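Data from coords_17.txt: compact mmCIF, C-alpha atoms
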```
# COMPACT_ATOMS: atom_id res chain seq x y z
CA MET A 1 -14.87 -25.88 -123.52
CA LYS A 2 -13.63 -29.18 -122.14
CA HIS A 3 -12.08 -29.39 -118.64
CA SER A 4 -8.91 -31.40 -118.36
CA VAL A 5 -7.15 -32.60 -115.24
CA LEU A 6 -3.72 -31.08 -114.72
CA ASN A 7 -0.67 -33.27 -114.46
CA VAL A 8 1.39 -32.67 -111.30
CA LYS A 9 4.51 -32.06 -113.39
CA MET A 10 2.69 -29.29 -115.19
CA LEU A 11 2.02 -27.37 -111.97
CA THR A 12 5.17 -25.33 -112.05
CA PRO A 13 5.04 -21.68 -111.00
CA LEU A 14 5.74 -20.63 -114.59
CA PHE A 15 2.86 -22.74 -115.90
CA LEU A 16 0.49 -21.40 -113.26
CA ALA A 17 1.48 -17.82 -114.03
CA GLN A 18 0.88 -18.41 -117.74
CA ALA A 19 -2.42 -20.15 -117.05
CA LYS A 20 -3.62 -17.26 -114.89
CA MET A 21 -2.71 -14.77 -117.57
CA THR A 22 -4.50 -16.70 -120.28
CA GLY A 23 -7.41 -17.71 -118.04
CA LYS A 24 -7.09 -21.42 -118.79
CA VAL A 25 -6.97 -22.70 -115.18
CA LYS A 26 -10.39 -23.94 -114.10
CA VAL A 27 -11.79 -24.43 -110.62
CA ASP A 28 -11.77 -28.22 -110.84
CA GLN A 29 -8.10 -28.16 -111.87
CA THR A 30 -7.17 -26.07 -108.83
CA PHE A 31 -9.17 -28.43 -106.59
CA THR A 32 -7.37 -31.42 -108.11
CA LYS A 33 -4.02 -29.79 -107.38
CA ILE A 34 -4.97 -29.10 -103.75
CA PHE A 35 -6.43 -32.58 -103.32
CA ASN A 36 -3.23 -34.16 -104.65
CA LEU A 37 -1.16 -32.17 -102.15
CA LYS A 38 -3.40 -33.27 -99.25
CA THR A 39 -3.30 -36.92 -100.20
CA SER A 40 0.46 -36.84 -100.58
CA SER A 41 0.77 -35.37 -97.06
CA ILE A 42 -1.50 -38.06 -95.65
CA PHE A 43 0.49 -40.70 -97.49
CA LYS A 44 3.74 -39.37 -95.98
CA VAL A 45 2.27 -39.50 -92.47
CA ILE A 46 1.11 -43.09 -92.99
CA ILE A 47 4.57 -44.10 -94.25
CA LEU A 48 6.21 -42.48 -91.19
CA LEU A 49 3.84 -44.31 -88.85
CA VAL A 50 4.62 -47.62 -90.51
CA LEU A 51 8.38 -47.01 -90.40
CA PHE A 52 8.36 -45.92 -86.76
CA ALA A 53 5.69 -48.30 -85.50
CA THR A 54 7.54 -49.11 -82.29
CA PHE A 55 6.94 -45.59 -81.00
CA SER A 56 3.20 -45.90 -81.43
CA PHE A 57 2.74 -49.04 -79.33
CA GLY A 58 2.20 -49.15 -75.58
CA ALA A 59 4.61 -50.17 -72.88
CA GLU A 60 6.02 -53.65 -73.32
CA ASN A 61 6.42 -54.34 -69.62
CA SER A 62 3.51 -53.64 -67.28
CA ASP A 63 5.85 -53.68 -64.25
CA ASP A 64 7.18 -50.29 -65.37
CA ILE A 65 3.68 -48.85 -65.29
CA PHE A 66 3.03 -50.42 -61.89
CA TYR A 67 6.29 -48.99 -60.50
CA PHE A 68 5.47 -45.55 -61.92
CA LEU A 69 2.05 -45.60 -60.26
CA GLN A 70 3.46 -46.75 -56.91
CA ILE A 71 6.04 -43.95 -56.88
CA GLY A 72 3.40 -41.48 -58.02
CA LEU A 73 0.99 -42.60 -55.33
CA LYS A 74 3.55 -41.83 -52.63
CA SER A 75 4.17 -38.35 -53.97
CA TRP A 76 0.56 -37.54 -54.90
CA VAL A 77 -1.06 -38.47 -51.58
CA PRO A 78 -0.01 -35.37 -49.57
CA THR A 79 -1.00 -32.96 -52.34
CA ILE A 80 -4.32 -34.62 -53.06
CA LYS A 81 -5.05 -35.10 -49.36
CA SER A 82 -4.55 -31.42 -48.52
CA ALA A 83 -6.77 -30.33 -51.41
CA CYS A 84 -9.47 -32.85 -50.47
CA LEU A 85 -9.42 -31.80 -46.82
CA TRP A 86 -9.82 -28.15 -47.80
CA VAL A 87 -12.81 -28.99 -50.02
CA PHE A 88 -14.19 -31.21 -47.24
CA TRP A 89 -14.11 -28.44 -44.64
CA VAL A 90 -15.66 -25.94 -47.05
CA LEU A 91 -18.51 -28.39 -47.70
CA VAL A 92 -18.90 -29.00 -43.94
CA VAL A 93 -19.28 -25.26 -43.32
CA ILE A 94 -21.82 -24.97 -46.14
CA ASP A 95 -23.78 -27.99 -44.87
CA ILE A 96 -23.88 -26.84 -41.25
CA THR A 97 -24.85 -23.31 -42.29
CA TRP A 98 -27.63 -24.60 -44.52
CA THR A 99 -28.96 -27.13 -41.99
CA PHE A 100 -29.00 -24.86 -38.97
CA GLY A 101 -30.16 -21.90 -41.06
CA LYS A 102 -33.24 -23.86 -42.14
CA MET A 103 -33.81 -24.92 -38.54
CA ALA A 104 -33.56 -21.32 -37.32
CA LEU A 105 -36.06 -20.11 -39.92
CA SER A 106 -38.59 -22.85 -39.17
CA GLY A 107 -38.24 -22.70 -35.40
CA PHE A 108 -36.87 -25.63 -33.42
CA GLU A 109 -36.59 -27.11 -29.99
CA PHE A 110 -33.37 -27.84 -28.15
CA GLY A 111 -33.78 -31.63 -28.51
CA GLU A 112 -34.11 -31.35 -32.29
CA PHE A 113 -31.04 -29.10 -32.39
CA ALA A 114 -28.99 -31.53 -30.27
CA ALA A 115 -30.03 -34.55 -32.36
CA THR A 116 -29.12 -32.80 -35.62
CA LEU A 117 -25.80 -31.62 -34.18
CA ILE A 118 -24.87 -35.14 -33.02
CA LYS A 119 -25.76 -36.60 -36.45
CA LYS A 120 -23.59 -34.00 -38.17
CA ILE A 121 -20.65 -34.58 -35.79
CA ILE A 122 -20.78 -38.36 -36.31
CA THR A 123 -21.02 -38.00 -40.11
CA ILE A 124 -18.15 -35.51 -40.22
CA GLY A 125 -16.08 -37.72 -37.90
CA VAL A 126 -16.53 -40.81 -40.10
CA PHE A 127 -15.51 -38.98 -43.26
CA LEU A 128 -12.60 -37.28 -41.51
CA PHE A 129 -11.42 -40.71 -40.35
CA LEU A 130 -11.59 -41.99 -43.93
CA PHE A 131 -9.53 -39.02 -45.13
CA ASN A 132 -6.82 -39.55 -42.53
CA VAL A 133 -6.21 -43.24 -43.18
CA ASP A 134 -3.49 -43.13 -45.86
CA TYR A 135 -2.60 -46.79 -45.84
CA TRP A 136 -6.08 -47.68 -47.13
CA LEU A 137 -5.07 -46.14 -50.46
CA LYS A 138 -2.12 -48.51 -50.62
CA ILE A 139 -4.35 -51.47 -49.72
CA LEU A 140 -6.84 -50.44 -52.42
CA PHE A 141 -4.09 -50.04 -55.02
CA ASP A 142 -2.50 -53.38 -54.08
CA SER A 143 -5.86 -55.15 -54.25
CA PHE A 144 -6.45 -53.91 -57.80
CA SER A 145 -2.98 -55.01 -58.87
CA GLN A 146 -3.55 -58.43 -57.27
CA LEU A 147 -6.88 -58.69 -59.08
CA ALA A 148 -5.18 -57.87 -62.40
CA THR A 149 -2.52 -60.51 -61.72
CA ASN A 150 -5.17 -63.13 -60.96
CA VAL A 151 -7.11 -62.30 -64.11
CA SER A 152 -4.06 -62.36 -66.39
CA SER A 153 -2.71 -65.70 -65.14
```
Could you show the structure in this file as structure tokens?
Amino acid sequence: MKHSVLNVKMLTPLFLAQAKMTGKVKVDQTFTKIFNLKTSSIFKVIILLVLFATFSFGAENSDDIFYFLQIGLKSWVPTIKSACLWVFWVLVVIDITWTFGKMALSGFEFGEFAATLIKKIITIGVFLFLFNVDYWLKILFDSFSQLATNVSS
């Protein structure tokens, strides 16, 4: 028995019902029908993308993106800063607990304890200072935008 490829016009519900009753629909014919439906859907999507190509491109003016980021930076800083400070203090507690716990288990002298405590206080103070200087974020952001301007011109 020879397999033939079905024509799309022949794939009416009546034809399919008759073919099922007579047993004349083959597996490759059903696959061809499904494959044709998939390719037609892909073709429709490609046509829509070509017709509406302006929606798929990026922003035409980079100043809009820059303005959006500047406004966002002003509103994001308090939220991000509070979350970062919370994580910072949790990590400080974990670090101090771990450091002085190890010292307590190994036995230590007062001089070693004082030196370790001073190192921890200075380290925590430096990072706390970096967290509390908000205008450095603006300077960093402005320096990157200036760098982009210098590169593009």
Discussion item. Can you pull out the residues contacting A:Phe88? Cut-off 10 Å, using only C-alpha atoms, and skip same-chain residues under 6 positions away; I want them as an MDAnalysis selection string.
Written reply: chainID A and resid 82 94 124 127:128 131
Next, the residues of the selection above should be written as a PDB file, in the frame of the given file with C-alpha atoms.
```
ATOM      1  CA  SER A  82      -4.550 -31.420 -48.520  1.00  0.00           C
ATOM      2  CA  ILE A  94     -21.820 -24.970 -46.140  1.00  0.00           C
ATOM      3  CA  ILE A 124     -18.150 -35.510 -40.220  1.00  0.00           C
ATOM      4  CA  PHE A 127     -15.510 -38.980 -43.260  1.00  0.00           C
ATOM      5  CA  LEU A 128     -12.600 -37.280 -41.510  1.00  0.00           C
ATOM      6  CA  PHE A 131      -9.530 -39.020 -45.130  1.00  0.00           C
TER       7      PHE A 131
END
```
Worksheet entry | Pick from A:Ile139, A:Lys102, A:Gln70, A:Leu130, whichever lies nearest to A:Cys84 using only C-alpha atoms |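 Smallest separation from A:Cys84 among the options: A:Leu130.
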The centre and edge lengths of an axis-aligned box containing all atoms of stretch 87-106 of chain A present in the file, extended by 4 Å on each side, are to be given in Å to one decimal, as AutoDock Vina command-line options.
```
--center_x -25.7 --center_y -25.7 --center_z -43.7 --size_x 33.8 --size_y 19.1 --size_z 20.7
```
Worksheet entry | Counting all atoms listed in the file, the residue of A:Trp86, A:Ile42, A:Val77, A:Thr123 that sits nearest A:Trp136 |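 Counting all atoms listed in the file, the residue closest to A:Trp136 is A:Val77.
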